[in-house]
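The data block below is protein_8.cif; it holds mmCIF, C-alpha atoms.
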```cif
data_entry
loop_
_atom_site.label_atom_id
_atom_site.label_comp_id
_atom_site.auth_asym_id
_atom_site.auth_seq_id
_atom_site.Cartn_x
_atom_site.Cartn_y
_atom_site.Cartn_z
CA MET A 51 0.00 0.00 0.00
CA LYS A 52 1.30 3.47 -0.75
CA LYS A 53 0.37 6.90 0.50
CA LEU A 54 -2.21 8.81 -1.52
CA THR A 55 0.41 11.33 -2.50
CA ALA A 56 2.35 8.57 -4.21
CA LEU A 57 -0.37 8.46 -6.85
CA LEU A 58 1.12 11.69 -8.19
CA LEU A 59 4.39 10.01 -9.04
CA ALA A 60 3.49 8.79 -12.52
CA GLY A 61 6.73 10.12 -13.97
CA ALA A 62 8.90 8.74 -11.21
CA MET A 63 12.41 7.59 -12.07
CA VAL A 64 13.30 4.09 -10.94
CA PHE A 65 16.62 2.87 -9.58
CA ALA A 66 18.00 -0.59 -10.33
CA CYS A 67 16.26 -3.22 -8.24
CA VAL A 68 19.00 -5.69 -7.35
CA GLY A 69 20.92 -4.59 -4.25
CA CYS A 70 23.70 -7.03 -3.43
CA GLY A 71 27.26 -5.87 -3.60
CA SER A 72 30.49 -5.25 -1.77
CA ASN A 73 31.06 -2.99 1.22
CA SER A 74 33.76 -0.35 1.35
CA GLY A 75 34.64 2.69 3.42
CA ASP A 76 34.32 3.30 7.16
CA THR A 77 30.73 2.68 8.20
CA ASP A 78 31.43 2.83 11.94
CA ALA A 79 32.37 6.45 12.59
CA LYS A 80 29.59 9.02 13.05
CA SER A 81 30.09 12.75 12.63
CA GLU A 82 29.54 15.07 15.57
CA GLY A 83 25.86 15.42 16.38
CA VAL A 84 24.84 12.37 14.35
CA MET A 85 22.80 9.62 16.01
CA THR A 86 23.76 5.99 16.14
CA TYR A 87 21.10 3.59 14.89
CA ASP A 88 20.22 2.65 18.47
CA GLU A 89 19.73 6.32 19.33
CA TYR A 90 17.50 6.73 16.29
CA VAL A 91 15.38 3.73 17.34
CA ALA A 92 15.07 5.15 20.86
CA ALA A 93 14.11 8.65 19.66
CA ALA A 94 10.50 9.67 20.16
CA LEU A 95 8.14 9.91 17.21
CA ASP A 96 7.89 13.45 15.80
CA SER A 97 11.30 14.37 17.25
CA GLU A 98 14.11 15.74 15.09
CA VAL A 99 16.75 13.20 14.13
CA VAL A 100 20.12 13.46 12.39
CA ILE A 101 21.53 10.31 10.78
CA GLU A 102 24.28 9.19 8.44
CA THR A 103 23.30 6.37 6.14
CA TYR A 104 23.88 4.90 2.69
CA VAL A 105 21.50 4.81 -0.26
CA GLN A 106 20.50 1.25 -1.18
CA ALA A 107 17.75 1.98 -3.69
CA LYS A 108 15.71 4.91 -4.95
CA GLN A 109 11.95 4.57 -5.15
CA SER A 110 10.92 7.81 -6.80
CA TRP A 111 11.51 11.48 -7.47
CA TRP A 112 8.77 14.03 -8.04
CA ASP A 113 8.42 17.77 -7.51
CA ASN A 114 11.85 18.05 -5.82
CA LYS A 115 11.08 15.20 -3.43
CA ALA A 116 12.89 11.86 -3.27
CA THR A 117 11.93 8.61 -1.55
CA VAL A 118 14.85 6.30 -0.81
CA TYR A 119 15.74 3.09 1.01
CA THR A 120 18.93 3.50 3.04
CA GLN A 121 20.99 1.41 5.43
CA ASP A 122 24.21 1.32 7.42
CA LYS A 123 25.90 -1.65 9.12
CA ASP A 124 23.59 -1.33 12.16
CA GLY A 125 20.16 -0.82 10.63
CA ALA A 126 18.02 0.74 7.95
CA TYR A 127 16.10 3.97 7.41
CA PHE A 128 13.25 4.61 4.98
CA ILE A 129 13.22 8.27 3.92
CA TYR A 130 9.95 9.53 2.47
CA ASN A 131 9.75 12.60 0.21
CA MET A 132 13.12 14.05 1.20
CA THR A 133 13.78 17.50 -0.23
CA CYS A 134 15.95 16.84 -3.31
CA SER A 135 16.57 18.48 -6.67
CA GLU A 136 16.48 16.33 -9.79
CA GLU A 137 20.20 17.03 -10.24
CA ASP A 138 21.00 15.77 -6.74
CA TYR A 139 18.70 12.78 -7.17
CA ALA A 140 20.90 11.60 -10.02
CA LYS A 141 23.88 11.65 -7.63
CA LEU A 142 22.23 9.30 -5.16
CA THR A 143 23.65 6.12 -6.63
CA GLN A 144 23.63 2.87 -4.70
CA GLY A 145 26.08 3.03 -1.80
CA THR A 146 26.24 6.83 -1.61
CA LYS A 147 26.67 8.15 1.93
CA ILE A 148 24.29 10.90 3.02
CA LYS A 149 23.71 12.89 6.20
CA VAL A 150 19.98 13.44 6.73
CA THR A 151 18.16 15.79 9.08
CA GLY A 152 14.43 15.36 9.55
CA TYR A 153 11.65 14.16 11.81
CA LYS A 154 10.97 10.59 12.82
CA ALA A 155 7.45 9.46 11.95
CA GLU A 156 5.24 6.40 11.78
CA TRP A 157 2.70 5.48 9.11
CA ALA A 158 0.66 2.29 9.50
CA GLY A 159 3.51 0.68 11.43
CA GLU A 160 6.27 1.86 9.08
CA ILE A 161 8.93 3.95 10.86
CA GLU A 162 10.40 6.55 8.52
CA LEU A 163 11.91 9.97 8.17
CA ALA A 164 8.94 12.12 7.30
CA GLU A 165 8.37 14.36 4.30
CA GLY A 166 10.62 17.41 4.21
CA ALA A 167 13.90 15.92 5.47
CA THR A 168 17.06 17.50 4.06
CA PHE A 169 20.36 15.85 3.20
CA GLU A 170 23.96 16.38 2.14
CA ILE A 171 26.23 13.93 0.35
CA GLU A 172 29.35 12.80 2.24
CA ASP A 173 32.40 10.71 1.45
CA GLY A 174 31.95 6.98 1.91
CA ASN A 175 30.27 3.98 0.33
CA TYR A 176 28.40 0.96 1.65
CA VAL A 177 26.19 -1.60 -0.08
CA ALA A 178 24.31 -4.00 2.17
CA THR A 179 24.23 -7.73 1.55
CA ALA A 180 20.80 -9.29 1.94
CA GLU A 181 20.32 -10.89 5.37
CA ASP A 182 18.31 -14.10 5.41
CA VAL A 183 15.33 -13.47 7.72
CA THR A 184 13.22 -16.43 6.61
CA SER A 185 13.33 -18.02 10.06
CA LEU A 186 12.08 -14.78 11.64
CA LEU A 187 8.79 -14.69 9.73
CA GLY A 188 5.92 -14.78 12.19
CA THR A 189 8.11 -13.76 15.15
CA ASP A 190 8.28 -10.52 17.13
CA GLU A 191 11.96 -10.24 16.27
CA LEU A 192 11.33 -9.60 12.58
CA ILE A 193 10.40 -5.94 13.10
CA ASN A 194 13.91 -5.30 14.44
CA HIS A 195 15.04 -5.61 10.80
CA GLN A 196 12.45 -3.16 9.43
CA ASN A 197 13.53 -1.50 6.15
CA GLU A 198 16.70 -3.63 5.84
CA PHE A 199 17.70 -5.37 2.62
CA VAL A 200 16.77 -8.99 3.35
CA SER A 201 16.19 -12.36 1.74
CA PHE A 202 13.58 -15.10 2.07
CA LYS A 203 14.43 -18.65 1.04
CA GLY A 204 12.41 -21.67 -0.05
CA MET A 205 8.92 -20.20 0.15
CA THR A 206 5.87 -21.56 -1.68
CA VAL A 207 3.64 -19.46 -3.92
CA GLU A 208 0.00 -19.53 -2.82
CA ALA A 209 -3.15 -18.21 -4.49
CA ALA A 210 -3.39 -14.43 -4.27
CA GLY A 211 -7.03 -14.32 -5.34
CA GLN A 212 -9.20 -15.18 -8.30
CA ASP A 213 -9.58 -13.87 -11.83
CA ASP A 214 -12.86 -12.85 -13.45
CA SER A 215 -13.56 -16.49 -14.29
CA GLY A 216 -13.16 -17.61 -10.68
CA ASN A 217 -9.82 -19.29 -11.24
CA ASP A 218 -7.10 -19.01 -8.58
CA VAL A 219 -4.22 -16.74 -9.64
CA ALA A 220 -0.68 -16.29 -8.30
CA PHE A 221 -0.68 -12.47 -8.18
CA LEU A 222 -2.97 -9.46 -8.21
CA TYR A 223 -2.57 -5.98 -9.64
CA ASN A 224 -2.97 -3.86 -6.48
CA TRP A 225 -3.93 -5.44 -3.17
CA ASP A 226 -7.52 -6.02 -4.21
CA GLY A 227 -7.01 -6.89 -7.88
CA SER A 228 -8.37 -3.54 -9.03
CA GLY A 229 -5.26 -2.51 -10.99
CA GLN A 230 -3.70 -3.23 -14.34
CA ASP A 231 -0.29 -3.95 -15.84
CA GLY A 232 2.17 -1.40 -14.46
CA ASP A 233 0.56 -1.17 -11.02
CA ASP A 234 1.87 -2.78 -7.84
CA LEU A 235 1.91 -6.59 -7.79
CA TYR A 236 0.69 -8.45 -4.72
CA PHE A 237 1.39 -12.14 -4.22
CA ASN A 238 1.15 -14.65 -1.37
CA VAL A 239 3.86 -17.01 -0.21
CA SER A 240 3.83 -19.57 2.60
CA LEU A 241 6.25 -21.13 5.03
CA ASP A 242 5.40 -23.82 7.59
CA GLY A 243 1.69 -23.35 6.99
CA ASN A 244 1.69 -19.57 7.46
CA VAL A 245 0.86 -17.26 4.53
CA TYR A 246 2.43 -13.83 3.95
CA THR A 247 1.68 -11.11 1.40
CA PHE A 248 4.65 -9.66 -0.49
CA THR A 249 4.65 -6.74 -2.93
CA VAL A 250 6.50 -5.53 -6.00
CA GLU A 251 6.26 -1.76 -5.49
CA SER A 252 5.86 -0.37 -8.99
CA TYR A 253 7.70 2.90 -8.29
CA LEU A 254 10.68 0.91 -7.00
CA CYS A 255 10.60 -1.86 -9.61
CA ASP A 256 8.39 -0.99 -12.56
CA SER A 257 6.94 -3.22 -15.27
CA SER A 258 10.22 -3.16 -17.24
CA THR A 259 12.20 -4.90 -14.46
CA GLU A 260 13.10 -8.57 -14.16
CA VAL A 261 11.35 -8.96 -10.82
CA TYR A 262 8.07 -7.58 -12.17
CA ALA A 263 8.17 -10.08 -15.04
CA ALA A 264 9.17 -12.90 -12.68
CA VAL A 265 6.16 -12.35 -10.42
CA LYS A 266 3.80 -12.20 -13.41
CA ASN A 267 5.15 -15.62 -14.45
CA LEU A 268 4.69 -17.28 -11.05
CA ASN A 269 2.56 -20.38 -10.71
CA ILE A 270 0.80 -21.50 -7.56
CA GLY A 271 3.01 -24.09 -5.90
CA ASP A 272 6.32 -22.69 -7.15
CA LYS A 273 9.20 -22.70 -4.67
CA ILE A 274 11.05 -19.38 -4.74
CA ASP A 275 13.84 -17.36 -3.13
CA MET A 276 13.40 -13.60 -2.82
CA GLU A 277 15.25 -10.42 -1.89
CA GLY A 278 13.86 -7.02 -1.04
CA PHE A 279 13.35 -4.32 1.56
CA LEU A 280 11.51 -5.16 4.78
CA TYR A 281 8.83 -2.50 4.52
CA TRP A 282 5.89 -2.45 6.93
CA TYR A 283 2.20 -1.71 6.37
CA GLU A 284 -0.15 -2.89 9.11
CA GLY A 285 2.36 -5.70 9.54
CA VAL A 286 5.20 -7.00 7.41
CA ASN A 287 4.85 -6.03 3.73
CA PRO A 288 8.22 -6.64 2.02
CA HIS A 289 8.97 -4.69 -1.15
CA ILE A 290 10.52 -7.43 -3.27
CA THR A 291 13.30 -6.66 -5.76
CA SER A 292 14.34 -10.16 -6.86
CA VAL A 293 12.51 -13.47 -7.33
CA LYS A 294 14.24 -16.67 -8.40
CA THR A 295 13.45 -20.36 -8.41
CA ALA A 296 14.55 -21.89 -5.11
CA ASN A 297 17.68 -24.02 -5.22
#
```
Re-express the file's structure as structure tokens.
Amino acid sequence: MKKLTALLLAGAMVFACVGCGSNSGDTDAKSEGVMTYDEYVAAALDSEVVIETYVQAKQSWWDNKATVYTQDKDGAYFIYNMTCSEEDYAKLTQGTKIKVTGYKAEWAGEIELAEGATFEIEDGNYVATAEDVTSLLGTDELINHQNEFVSFKGMTVEAAGQDDSGNDVAFLYNWDGSGQDGDDLYFNVSLDGNVYTFTVESYLCDSSTEVYAAVKNLNIGDKIDMEGFLYWYEGVNPHITSVKTAN
């Protein structure tokens, strides 16, 4: 699910969807006045926060506002509608270090830096490797990895709903099937008898991407491995960036 304002992002630019890579640079040191991840977690909602983090993927840019997924070695930060020129948006390549000042907010369970945060680019580079959180599905511990780049292994595709003819289908356009090609894809996967809903967020990975095509080609019963960002919406709602047949 996306905020209503996201509907205005029809011309959004999309960053590459696969996020694995090598780490480089010093990700431990924080500049003066910058919070550690633990301090950020402990900060009250609606309070001002200052963080240093690294761009992992870019969801969209519109009207001098950028939405990005970021992470350091200790945790991840989702930054919604950060103030950003189109020229600066182009500079936010994967791994780029940024210092961000803004306000901590919550939306439907998702903890984020709210609209209007500002940033500056700093020296440094870090690209997170997906952490396997499959075993944490259904546990209280999973939320501790919110917004991180993660992986899920050996999950089974379940029916997401039915088509107009009443046949079970492996994915839906939008959460209720009301969309069309190019909209978000919703699909269900199971592990140990529990079913979870995952999403391909169309502003992050549009209909031209490999992951979008892969989900459209899923069959009920397929065993798959996935990577993506551990987004939250009224519970876990991962934004998937890679789907492959399970080994």
For Lys154 in chain A, the nearest of the candidates A:Tyr130, A:Tyr281, A:Tyr246, A:Tyr104, counting only C-alpha atoms: A:Tyr130
Residue neighbourhood Tyr119 in chain A, 9 Å, only C-alpha atoms, exclusion window fewer than 3 positions, as a list in words: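 Contacts, with the query itself left out: Tyr104, Val105, Gln106, Ala107, Lys108, Gln109, Ala126, Tyr127, Phe128, Ile129, Tyr130, Asn197, Glu198, Phe199 and Phe279 of chain A.
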For C-alpha atoms, I'd like the residues from the last selection saved as a CSV table (one decimal), keeping the file's coordinate frame.
```csv
chain,number,residue,atom,x,y,z
A,104,TYR,CA,23.9,4.9,2.7
A,105,VAL,CA,21.5,4.8,-0.3
A,106,GLN,CA,20.5,1.2,-1.2
A,107,ALA,CA,17.8,2.0,-3.7
A,108,LYS,CA,15.7,4.9,-5.0
A,109,GLN,CA,12.0,4.6,-5.2
A,126,ALA,CA,18.0,0.7,8.0
A,127,TYR,CA,16.1,4.0,7.4
A,128,PHE,CA,13.2,4.6,5.0
A,129,ILE,CA,13.2,8.3,3.9
A,130,TYR,CA,10.0,9.5,2.5
A,197,ASN,CA,13.5,-1.5,6.2
A,198,GLU,CA,16.7,-3.6,5.8
A,199,PHE,CA,17.7,-5.4,2.6
A,279,PHE,CA,13.4,-4.3,1.6
```
Suppose a student applies the PyMOL selection byres ((chain A and resi 286) around 10) to this structure; what residues should they get, written as a PDB file with C-alpha atoms, in the coordinates of the input?
```
ATOM      1  CA  GLY A 159       3.510   0.680  11.430  1.00  0.00           C
ATOM      2  CA  GLU A 160       6.270   1.860   9.080  1.00  0.00           C
ATOM      3  CA  LEU A 187       8.790 -14.690   9.730  1.00  0.00           C
ATOM      4  CA  GLY A 188       5.920 -14.780  12.190  1.00  0.00           C
ATOM      5  CA  LEU A 192      11.330  -9.600  12.580  1.00  0.00           C
ATOM      6  CA  ILE A 193      10.400  -5.940  13.100  1.00  0.00           C
ATOM      7  CA  GLN A 196      12.450  -3.160   9.430  1.00  0.00           C
ATOM      8  CA  TYR A 246       2.430 -13.830   3.950  1.00  0.00           C
ATOM      9  CA  THR A 247       1.680 -11.110   1.400  1.00  0.00           C
ATOM     10  CA  PHE A 248       4.650  -9.660  -0.490  1.00  0.00           C
ATOM     11  CA  LEU A 280      11.510  -5.160   4.780  1.00  0.00           C
ATOM     12  CA  TYR A 281       8.830  -2.500   4.520  1.00  0.00           C
ATOM     13  CA  TRP A 282       5.890  -2.450   6.930  1.00  0.00           C
ATOM     14  CA  TYR A 283       2.200  -1.710   6.370  1.00  0.00           C
ATOM     15  CA  GLU A 284      -0.150  -2.890   9.110  1.00  0.00           C
ATOM     16  CA  GLY A 285       2.360  -5.700   9.540  1.00  0.00           C
ATOM     17  CA  ASN A 287       4.850  -6.030   3.730  1.00  0.00           C
ATOM     18  CA  PRO A 288       8.220  -6.640   2.020  1.00  0.00           C
ATOM     19  CA  HIS A 289       8.970  -4.690  -1.150  1.00  0.00           C
TER      20      HIS A 289
END
```
Could you produce a table of the residues of range 201-265 of chain A lying within 7 Å of range 174-185 of chain A, with the nearest pair of atoms per residue and their separation in Å rounded to one decimal, using only C-alpha atoms, ordered by chain and increasing residue number, as a Markdown table?
```
| residue | atom | partner | partner_atom | distance |
| --- | --- | --- | --- | --- |
| A:Ser201 | CA | A:Asp182 | CA | 4.6 |
| A:Phe202 | CA | A:Thr184 | CA | 4.7 |
| A:Lys203 | CA | A:Thr184 | CA | 6.1 |
```
Given all atoms listed in the file as the counted atoms, nearest of A:Cys134, A:Ile101, A:Leu222, A:Val200 to Asp88 in chain A: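 The shortest atom-to-atom distance to Asp88 in chain A comes from A:Ile101.
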Between CA of Glu191 in chain A and CA of Leu241 in chain A - distance in Å to one decimal: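 Computing the Euclidean distance for CA of Leu241 in chain A and CA of Glu191 in chain A yields 16.7 Å.
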Atom pair CA of Gly83 in chain A / CA of Val100 in chain A: separation (Å):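 So the answer is 7.3 Å.
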CA of Asn297 in chain A to CA of Thr249 in chain A, distance in Å rounded to a single decimal: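 Interatomic distance, CA of Asn297 in chain A to CA of Thr249 in chain A: 21.8 Å.
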Any chance you could work out the axis-aligned box around range 88-106 of chain A, listed atoms only, 4 Å on each side, giving centre and edge lengths in Å to one decimal, as lines of an AutoDock Vina configuration file?
```
center_x = 16.1
center_y = 8.5
center_z = 9.8
size_x = 24.4
size_y = 22.5
size_z = 30.0
```
Output check: residues returned by the PyMOL selection byres ((chain A and resi 271) around 9), as a ChimeraX atom specification: /A:206-209,220,268-270,272-273
Selection near Met85 in chain A, 12 Å with all atoms listed in the file, sequence-local residues under 6 positions removed, as a PyMOL selection string: chain A and resi 78-79+91-93+98-103+124+149-151
From A:Ile161, A:Ile290, A:Val245, A:Ala167, residue lying nearest Val265 in chain A [all atoms listed in the file]: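 Ranked by minimum distance to Val265 in chain A, first place goes to A:Ile290.
The shortest atom-to-atom distance to Ser258 in chain A, with only C-alpha atoms taken into account, belongs to A:Asp233 out of A:Ile274, A:Ser135, A:Asp233, A:Asp190.
If only C-alpha atoms are the atoms counted, then among A:Gly227, A:Gly278, A:Glu260, A:Gly152 the closest residue to Val84 in chain A is A:Gly152.
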Picked residues, the PyMOL selection byres ((chain A and resi 164) around 6), as a count of residues only: 6
Closest of A:Asp234, A:Asp242, A:Glu277, A:Asp226 to Ser257 in chain A - atom-to-atom distances counting only C-alpha atoms: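 Of A:Asp234, A:Asp242, A:Glu277, A:Asp226, the one nearest Ser257 in chain A is A:Asp234, counting only C-alpha atoms.
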